There are 2 protein chains.
Amino acid sequence: MDNKGRYAYEGLDRILHEKARLGIMTSLLARPDGLLFNHLKELCNLTDGNLSRHLQVLHQATLIEIFKGYEKKRPQTLVRLTGEGRERFLAYLEELERVVQDAASSARQACSGPTGVPAGWMPA
Amino acid sequence: MDNKGRYAYEGLDRILHEKARLGIMTSLLARPDGLLFNHLKELCNLTDGNLSRHLQVLHQATLIEIFKGYEKKRPQTLVRLTGEGRERFLAYLEELERVVQDAASSARQACSGPTGVPAGWMPA
């Protein structure tokens, strides 16, 4: 059959294709020097626990680096993308853009809504 | 703090923001009259079991309709978007486009890679 796997989107890496992690990675992409934990938490509207959990997943996948240090004598956590993280996220974003373009083209093709139940077919 | 929740992406509906279901919905968007189960399976590179499971989730959320019928005397299943499914998917796609645009703008801001470990900070 034509178009086998046309809409499979294999490039949508499951680690990156998660709502909260998508926000974290987008925040970090703009800041090669990293972001502090508390700032990231605000930007992504996450609790301490949730942010920690997602950072652990990204860290284990070597997509981010985590540093501990002090700012104004208070302990702080700094998070930033690794080179690999940046590359993998940019590749993921290309696939995401493909989804958006496919869907826009699908929406254009379909000028009208459904035309009623096909004769002889029954709702499941 | 400024920009609270700037990257929270609350509009990324968890039912739609799943790789396989994203493919199914994009396939169906172009076909207001629906697609047969076997065609959808090929387009999205899914097994019978996986496709059935995802269709059930979408059906329970009233995003799709499922019809049973016959074609050339063989039993067939036809799947199509509901009006609500179409509307919700288009709203989801707008949010997805916002992610892509945010990330593109983040990538433009960050001209350079990280500049070395900040003084006094230690890897976690």
# chains A, B, ... in the order shown; residues from 1 in each chain; ligands from 1
>>> interface_residues(of="chain B", to="chain A", cutoff="8 Å", atoms="only C-alpha atoms", output="VMD selection string")
chain B and resid 1 3 to 9 12 17 to 20 23 to 24 26 to 27 29 to 33 42 to 46 65 to 70 83 93 96 to 97 99 to 100 102 to 103 105 to 110 112 to 115 120 to 124
>>> select_by_dssp(residues="range 4-120 of chain B", states="strand (DSSP E or B)", output="short mmCIF file (atom, residue, chain, number, x, y, z; two decimals) with C-alpha atoms, in the first residue's frame")
data_model
loop_
_atom_site.label_atom_id
_atom_site.label_comp_id
_atom_site.auth_asym_id
_atom_site.auth_seq_id
_atom_site.Cartn_x
_atom_site.Cartn_y
_atom_site.Cartn_z
CA LEU B 35 -10.58 5.89 6.76
CA LEU B 36 -10.75 2.10 6.97
CA ILE B 64 -13.74 10.01 16.69
CA GLU B 65 -16.67 7.88 15.50
CA ILE B 66 -16.34 4.20 14.61
CA PHE B 67 -18.66 2.39 12.15
CA LYS B 68 -18.91 -1.29 11.27
CA GLY B 69 -19.92 -2.34 7.77
CA TYR B 70 -19.06 -4.45 4.75
CA GLU B 71 -16.97 -3.79 1.69
CA ARG B 74 -15.81 -8.43 4.02
CA PRO B 75 -16.43 -6.86 7.44
CA GLN B 76 -14.71 -3.50 7.77
CA THR B 77 -14.26 -0.80 10.36
CA LEU B 78 -14.50 2.84 9.34
CA VAL B 79 -13.07 5.58 11.55
CA ARG B 80 -13.67 9.30 11.27
CA LEU B 81 -13.30 12.51 13.25
#
>>> closest_residue(among="B:Ile15, B:Ala91, B:Lys73, B:Phe37", to="Gly49 in chain B", atoms="only C-alpha atoms")
B:Phe37
>>> atom_distance(atom1="CA of Leu63 in chain A", atom2="CA of Glu84 in chain A")
6.0 Å
>>> select_by_dssp(residues="chain A", states="alpha helix (DSSP H)", output="ChimeraX atom specification")
/A:19-29,37-44,48-60,83-109
